[in-house]
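**Q** What follows is upload.tsv; its format and atoms are TSV, C-alpha atoms and all ligand atoms.
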chain	number	residue	atom	x	y	z
E	494	MET	CA	0.00	0.00	0.00
E	495	SER	CA	1.48	3.41	-0.89
E	496	GLY	CA	1.64	6.30	1.57
E	497	ASN	CA	-1.03	8.06	-0.52
E	498	SER	CA	-3.56	5.28	-0.16
E	499	PRO	CA	-6.63	5.99	1.95
E	500	PRO	CA	-6.62	4.14	5.31
E	501	TRP	CA	-9.58	1.91	4.44
E	502	LEU	CA	-8.19	0.65	1.12
E	503	GLU	CA	-6.20	-2.25	2.57
E	504	GLY	CA	-9.26	-3.62	4.39
E	505	LEU	CA	-11.40	-3.25	1.27
E	506	LEU	CA	-8.85	-5.12	-0.85
E	507	LYS	CA	-8.74	-7.91	1.74
E	508	ALA	CA	-12.53	-8.16	1.70
E	509	TYR	CA	-12.49	-8.33	-2.11
E	510	ALA	CA	-9.77	-11.00	-2.03
E	511	LEU	CA	-11.99	-13.10	0.25
E	512	VAL	CA	-14.95	-12.71	-2.12
E	513	ASP	CA	-12.71	-13.74	-5.02
E	514	GLN	CA	-11.61	-16.80	-3.03
E	515	SER	CA	-15.26	-17.66	-2.34
E	516	VAL	CA	-15.89	-17.53	-6.09
E	517	SER	CA	-12.79	-19.58	-7.00
E	518	ALA	CA	-13.77	-22.28	-4.50
E	519	ALA	CA	-17.28	-22.47	-5.94
E	520	LEU	CA	-16.02	-22.50	-9.55
E	521	ALA	CA	-13.64	-25.38	-8.77
E	522	LYS	CA	-16.48	-27.30	-7.12
E	523	GLU	CA	-18.79	-26.76	-10.09
E	524	LYS	CA	-16.08	-27.81	-12.53
E	525	ALA	CA	-15.41	-30.99	-10.59
E	526	ALA	CA	-19.08	-31.85	-10.11
E	527	ARG	CA	-20.60	-30.85	-13.44
E	528	GLU	CA	-17.73	-30.02	-15.78
E	529	ARG	CA	-19.13	-26.50	-16.16
E	530	SER	CA	-17.31	-23.20	-16.60
E	531	PRO	CA	-19.00	-19.80	-16.56
E	532	VAL	CA	-19.89	-18.01	-19.78
E	533	CYS	CA	-19.10	-14.54	-18.38
E	534	GLY	CA	-16.34	-12.65	-20.15
E	535	PRO	CA	-15.11	-9.30	-21.45
E	536	GLY	CA	-17.78	-7.21	-23.18
E	537	CYS	CA	-20.64	-9.25	-21.69
E	538	CYS	CA	-22.26	-6.66	-19.48
E	539	ARG	CA	-26.04	-6.99	-19.32
E	540	CYS	CA	-25.68	-7.75	-15.60
E	541	CYS	CA	-24.27	-4.21	-15.14
E	542	GLY	CA	-27.82	-2.92	-15.62
E	543	HIS	CA	-29.14	-4.83	-12.61
E	544	ILE	CA	-29.96	-3.24	-9.27
E	545	ILE	CA	-26.64	-3.77	-7.51
E	546	PRO	CA	-26.26	-3.12	-3.77
E	547	VAL	CA	-23.12	-1.07	-3.06
E	548	SER	CA	-21.78	0.04	0.34
E	549	ALA	CA	-20.16	3.43	0.87
E	550	VAL	CA	-16.67	1.99	1.21
E	551	GLU	CA	-17.08	0.04	-2.05
E	552	MET	CA	-18.20	3.23	-3.79
E	553	ALA	CA	-15.23	5.06	-2.28
E	554	GLY	CA	-12.96	2.31	-3.66
E	555	ALA	CA	-14.40	2.69	-7.16
E	556	MET	CA	-14.01	6.48	-7.03
E	557	TRP	CA	-10.46	6.13	-5.75
E	558	HIS	CA	-9.62	3.75	-8.61
E	559	LEU	CA	-11.23	6.10	-11.11
E	560	GLY	CA	-9.15	9.00	-9.82
E	561	GLN	CA	-5.86	7.10	-9.67
E	562	LYS	CA	-5.93	4.63	-12.54
E	563	VAL	CA	-8.28	5.87	-15.28
E	564	PRO	CA	-7.16	8.39	-17.92
E	565	ALA	CA	-8.75	11.84	-17.53
E	566	ALA	CA	-10.82	11.72	-20.76
E	567	LYS	CA	-12.61	8.51	-19.73
E	568	ARG	CA	-12.80	9.56	-16.09
E	569	ASN	CA	-14.58	12.77	-17.00
E	570	VAL	CA	-17.18	10.89	-19.04
E	571	ILE	CA	-17.95	8.79	-15.96
E	572	LEU	CA	-17.99	11.71	-13.53
E	573	ARG	CA	-20.47	13.63	-15.70
E	574	ARG	CA	-22.96	10.80	-15.16
E	575	PHE	CA	-23.26	11.49	-11.44
E	576	GLY	CA	-25.71	13.88	-9.83
E	577	ARG	CA	-28.53	13.11	-12.28
E	578	ILE	CA	-31.61	10.96	-11.97
E	579	SER	CA	-31.12	7.98	-14.23
E	580	GLN	CA	-32.17	4.36	-14.44
E	581	GLU	CA	-29.31	3.48	-16.75
E	582	SER	CA	-26.61	0.86	-16.19
E	583	CYS	CA	-23.86	1.19	-13.64
E	584	PRO	CA	-22.09	4.55	-14.19
E	585	PHE	CA	-18.68	2.87	-14.35
E	586	LEU	CA	-19.54	0.97	-17.53
E	587	LEU	CA	-18.14	2.57	-20.68
E	588	GLU	CA	-18.45	1.00	-24.14
E	589	GLY	CA	-18.98	-2.44	-22.64
E	590	GLN	CA	-15.99	-2.15	-20.32
E	591	CYS	CA	-15.92	-1.82	-16.54
E	592	LEU	CA	-13.54	1.06	-15.82
E	593	VAL	CA	-13.12	0.06	-12.17
E	594	TYR	CA	-12.74	-3.68	-12.78
E	595	ALA	CA	-9.95	-4.18	-10.22
E	596	LEU	CA	-12.14	-2.53	-7.58
E	597	ARG	CA	-15.54	-3.60	-8.85
E	598	PHE	CA	-18.16	-4.20	-6.19
E	599	MET	CA	-18.72	-7.34	-4.12
E	600	ALA	CA	-22.00	-8.07	-5.91
E	601	CYS	CA	-20.23	-7.91	-9.30
E	602	ARG	CA	-17.39	-10.14	-8.15
E	603	GLN	CA	-19.82	-12.84	-7.01
E	604	PHE	CA	-22.10	-12.93	-10.04
E	605	TRP	CA	-21.21	-15.69	-12.50
E	606	VAL	CA	-23.51	-17.52	-14.87
E	607	PHE	CA	-23.31	-20.93	-16.57
E	608	GLY	CA	-24.95	-22.28	-19.71
E	609	VAL	CA	-25.67	-19.30	-21.96
E	610	ALA	CA	-25.05	-15.59	-21.45
E	611	CYS	CA	-27.88	-13.54	-19.91
E	612	ARG	CA	-30.44	-12.44	-22.46
E	613	ALA	CA	-31.73	-8.87	-22.70
E	614	GLY	CA	-34.02	-8.19	-19.75
E	615	GLU	CA	-33.45	-11.64	-18.26
E	616	ASP	CA	-33.26	-12.03	-14.50
E	617	VAL	CA	-31.30	-15.27	-14.30
E	618	LEU	CA	-31.95	-15.53	-10.58
E	619	THR	CA	-35.59	-16.25	-11.40
E	620	SER	CA	-35.40	-17.68	-14.94
E	621	ARG	CA	-32.64	-20.26	-14.27
E	622	GLU	CA	-31.34	-20.06	-10.75
E	623	ASP	CA	-29.42	-23.29	-11.23
E	624	ASP	CA	-27.16	-21.53	-13.75
E	625	VAL	CA	-26.03	-18.92	-11.20
E	626	LEU	CA	-22.86	-19.62	-9.21
E	627	ARG	CA	-23.21	-19.90	-5.44
E	628	PRO	CA	-19.99	-18.61	-3.88
E	629	ASP	CA	-18.59	-20.35	-0.81
E	630	THR	CA	-20.68	-18.93	2.04
E	631	ASP	CA	-18.03	-19.16	4.79
E	632	LEU	CA	-15.50	-17.15	2.79
E	633	LYS	CA	-18.17	-14.67	1.78
E	634	MET	CA	-19.08	-14.14	5.44
E	635	LEU	CA	-15.40	-13.53	6.25
E	636	ALA	CA	-15.40	-10.86	3.52
E	637	PHE	CA	-18.44	-9.17	5.06
E	638	ALA	CA	-16.78	-9.35	8.49
E	639	LYS	CA	-13.65	-7.70	7.07
E	640	LEU	CA	-15.74	-4.94	5.53
E	641	ARG	CA	-17.42	-4.41	8.89
E	642	THR	CA	-14.07	-3.63	10.52
E	643	ILE	CA	-13.75	-0.62	8.17
E	644	TYR	CA	-16.89	0.70	9.84
E	645	GLY	CA	-15.12	0.53	13.20
E	646	MET	CA	-16.66	-2.75	14.34
E	647	GLN	CA	-14.33	-5.32	15.84
E	648	ASP	CA	-13.65	-8.52	13.94
E	649	ASP	CA	-14.27	-10.88	16.87
E	650	GLY	CA	-13.97	-14.00	14.71
E	651	VAL	CA	-17.64	-14.80	15.24
E	652	VAL	CA	-19.39	-15.43	11.92
E	653	ASP	CA	-23.05	-14.67	12.53
E	654	LYS	CA	-24.65	-14.79	9.09
E	655	LYS	CA	-27.82	-12.98	10.11
E	656	SER	CA	-26.00	-10.04	11.63
E	657	LEU	CA	-23.50	-9.85	8.75
E	658	TYR	CA	-26.28	-9.80	6.13
E	659	GLY	CA	-28.04	-7.17	8.27
E	660	PHE	CA	-24.87	-5.08	8.35
E	661	ILE	CA	-24.39	-5.23	4.56
E	662	LYS	CA	-28.03	-4.29	4.01
E	663	ARG	CA	-27.73	-1.34	6.37
E	664	VAL	CA	-24.66	0.16	4.71
E	665	SER	CA	-25.63	-0.42	1.06
E	666	LEU	CA	-27.62	1.50	-1.53
E	667	PRO	CA	-28.57	0.41	-5.07
E	668	ILE	CA	-26.04	1.65	-7.64
E	669	GLN	CA	-28.82	3.70	-9.27
E	670	MET	CA	-29.12	5.75	-6.06
E	671	TRP	CA	-25.38	6.28	-5.83
E	672	ARG	CA	-25.59	7.57	-9.37
E	673	MET	CA	-27.71	10.47	-8.14
E	674	HIS	CA	-25.04	11.61	-5.68
E	675	PRO	CA	-23.19	14.80	-6.63
E	676	VAL	CA	-19.59	14.19	-7.64
E	677	LYS	CA	-18.34	16.43	-4.82
E	678	SER	CA	-19.84	14.20	-2.14
E	679	LEU	CA	-18.35	11.12	-3.84
E	680	HIS	CA	-14.89	12.71	-3.87
E	681	GLU	CA	-15.36	13.46	-0.18
E	682	LEU	CA	-16.31	9.85	0.39
E	683	ALA	CA	-13.10	8.66	-1.28
E	684	SER	CA	-11.06	10.86	1.10
E	685	THR	CA	-12.93	9.59	4.17
E	686	LYS	CA	-10.81	8.28	7.03
E	687	ARG	CA	-13.43	6.11	8.63
E	688	PHE	CA	-16.95	5.14	7.57
E	689	SER	CA	-19.94	5.42	9.83
E	690	LEU	CA	-23.05	3.30	10.03
E	691	GLU	CA	-25.33	6.36	9.81
E	701	LIG	S1	-23.66	-12.43	-15.52
E	701	LIG	FE1	-24.69	-12.59	-17.53
E	701	LIG	S2	-24.45	-10.57	-18.50
E	701	LIG	FE2	-23.02	-10.67	-16.78
E	701	LIG	S3	-21.08	-11.32	-17.71
E	701	LIG	FE3	-22.15	-13.19	-16.98
E	701	LIG	S4	-23.35	-13.92	-18.72
E	701	LIG	FE4	-22.74	-11.82	-19.18
E	702	LIG	S1	-18.72	-1.95	-11.18
E	702	LIG	FE1	-18.14	-2.72	-13.18
E	702	LIG	S2	-18.79	-4.87	-13.18
E	702	LIG	FE2	-19.87	-3.85	-11.53
E	702	LIG	S3	-21.82	-3.18	-12.39
E	702	LIG	FE3	-20.38	-1.48	-12.59
E	702	LIG	S4	-19.50	-1.70	-14.62
E	702	LIG	FE4	-20.46	-3.66	-14.11
Take the structure I supplied and represent it as structure tokens, if you would.
**A**
Amino acid sequence: MSGNSPPWLEGLLKAYALVDQSVSAALAKEKAARERSPVCGPGCCRCCGHIIPVSAVEMAGAMWHLGQKVPAAKRNVILRRFGRISQESCPFLLEGQCLVYALRFMACRQFWVFGVACRAGEDVLTSREDDVLRPDTDLKMLAFAKLRTIYGMQDDGVVDKKSLYGFIKRVSLPIQMWRMHPVKSLHELASTKRFSLE
């Protein structure tokens, strides 16, 4: 971590690494059991139009990545999308590409589909639930617990699924609502030292 990194970034990256592990474990299990690999890949982005729950620290991570790693011309296109009412896809999607891929949200990291790619308007969770990957729950709970420490709550090693799901629900907003936030408040979020539960 560089000296210029915000204090919460390390915890966020650890939480994301745990989510990625939960996905890898589930993919290996699926491969062994049913010889299936996901169909998700570059340019396939219909899922980026879903209602995606995003916590403040995840949004701060995406904004930090945008500011540090994305060229100004593309960054400005993305920033102009904020502060307006819109039902469009995730604001970080540009020409079929996720501009914050390395710091994409937990929900994005977990969502993998088998069989055929999602069709326009399809909600695969209802149309063919069996084709949606189920990440390893224990690792996913550890990721939520890690995220909770960024909100000042102790990681006591106790994995209480109900309280962890409750925590994530409390600190998250749909991406479409984040999209309405003015850019200034999002920049302030990215320079936050510690997140609150309010
Ligand atoms: S979840 Fe669906 S839309 Fe998203 S990358 Fe996978 S197949 Fe494509
Ligand atoms: S963060 Fe990236 S992967 Fe996630 S919804 Fe937005 S564009 Fe898609």
**Q** Which residues come within 8 Å of segment 650-660 of chain E, counting only C-alpha atoms, excluding same-chain residues fewer than 2 positions away, as a PyMOL selection string?
**A** chain E and resi 634-635+637-638+641+648+662-664
**Q** In Å to one decimal, how far is atom CA of Pro675 of chain E from atom CA of Ile643 of chain E?
**A** 23.4 Å
**Q** Hey, which of E:Val593, E:Val570, E:Val676, E:Leu626 ends up closest to ligand LIG 701 (chain E)? Count all atoms listed in the file.
**A**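 Result for the nearest residue to ligand LIG 701 (chain E): E:Leu626.
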**Q** Residues within 7 Å of ligand LIG 701 (chain E), counting only C-alpha atoms and all ligand atoms: report them as a ChimeraX atom specification.
**A** /E:532-534,537-541,604-606,609-611
**Q** Could you check which of E:Pro667, E:Pro628, E:Gly504, E:Pro564 is closest to ligand LIG 702 (chain E), using all atoms listed in the file?
**A**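 Nearest to ligand LIG 702 (chain E): E:Pro667.
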**Q** Please report, as a tab-separated table, each residue of chain E lying at most 9 Å from ligand LIG 702 (chain E), together with the nearest pair of atoms and the separation in Å rounded to one decimal; use only C-alpha atoms and all ligand atoms, and order rows by chain and ascending residue number.
**A**
residue	atom	partner	partner_atom	distance
E:Cys538	CA	E:LIG702	FE4	6.4
E:Arg539	CA	E:LIG702	FE4	8.3
E:Cys540	CA	E:LIG702	S3	6.8
E:Cys541	CA	E:LIG702	S3	3.8
E:Gly542	CA	E:LIG702	S3	6.8
E:His543	CA	E:LIG702	S3	7.5
E:Ile544	CA	E:LIG702	S3	8.7
E:Ile545	CA	E:LIG702	S3	6.9
E:Ala555	CA	E:LIG702	S1	7.5
E:Ser582	CA	E:LIG702	S3	7.3
E:Cys583	CA	E:LIG702	FE3	4.5
E:Pro584	CA	E:LIG702	FE3	6.5
E:Phe585	CA	E:LIG702	S4	4.7
E:Leu586	CA	E:LIG702	S4	3.9
E:Leu587	CA	E:LIG702	S4	7.5
E:Gly589	CA	E:LIG702	S4	8.1
E:Gln590	CA	E:LIG702	S4	6.7
E:Cys591	CA	E:LIG702	S4	4.1
E:Leu592	CA	E:LIG702	FE1	6.5
E:Val593	CA	E:LIG702	FE1	5.8
E:Tyr594	CA	E:LIG702	FE1	5.5
E:Ala595	CA	E:LIG702	FE1	8.8
E:Leu596	CA	E:LIG702	S1	7.5
E:Arg597	CA	E:LIG702	S1	4.3
E:Phe598	CA	E:LIG702	S1	5.5
E:Met599	CA	E:LIG702	FE2	8.3
E:Ala600	CA	E:LIG702	FE2	7.3
E:Cys601	CA	E:LIG702	FE2	4.6
E:Arg602	CA	E:LIG702	S2	7.4
E:Ile668	CA	E:LIG702	S3	8.0
**Q** Taking into account all atoms listed in the file, which residue in the set E:Leu690, E:Val512, E:Val563, E:Met552 is nearest to Gln669 of chain E?
**A**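 Counting all atoms listed in the file, the residue closest to Gln669 of chain E is E:Met552.
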**Q** Could you list, as number ranges by chain, every residue within 12 Å of Glu528 of chain E, counting all atoms listed in the file and ignoring same-chain residues fewer than 5 positions away?
**A** E: 520-523, 607-608
**Q** Quick one: contact table of segment 504-555 of chain E to segment 671-674 of chain E, 10 Å max, nearest atom pair and distance in Å to one decimal per residue, counting all atoms listed in the file, chain and number order, as JSON lines?
**A**
{"residue": "E:Pro546", "atom": "CA", "partner": "E:Trp671", "partner_atom": "CA", "distance": 9.7}
{"residue": "E:Val547", "atom": "CA", "partner": "E:Trp671", "partner_atom": "CA", "distance": 8.2}
{"residue": "E:Ser548", "atom": "CA", "partner": "E:Trp671", "partner_atom": "CA", "distance": 9.5}
{"residue": "E:Ala549", "atom": "CA", "partner": "E:Trp671", "partner_atom": "CA", "distance": 9.0}
{"residue": "E:Met552", "atom": "CA", "partner": "E:Trp671", "partner_atom": "CA", "distance": 8.1}
**Q** Quick one: residues within 12 Å of Ser684 of chain E, only C-alpha atoms, excluding same-chain residues fewer than 4 positions away - as JSON, numbers by chain?
**A** {"E": [497, 498, 499, 500, 501, 502, 549, 550, 552, 553, 554, 556, 557, 560, 677, 678, 679, 680, 688]}
**Q** Record the distance separating atom CA of Arg687 of chain E and atom CA of Tyr644 of chain E, expressed in Å with one decimal.
**A** 6.5 Å
**Q** Could you jot down the atom CA of Asn569 of chain E to atom CA of Thr685 of chain E separation for me, Å, one decimal place?
**A**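 These two atoms are separated by 21.5 Å.
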**Q** Hey, which of E:Arg621, E:Lys567, E:Arg627, E:Lys686 ends up closest to Gly645 of chain E? Count all atoms listed in the file.
**A** E:Lys686
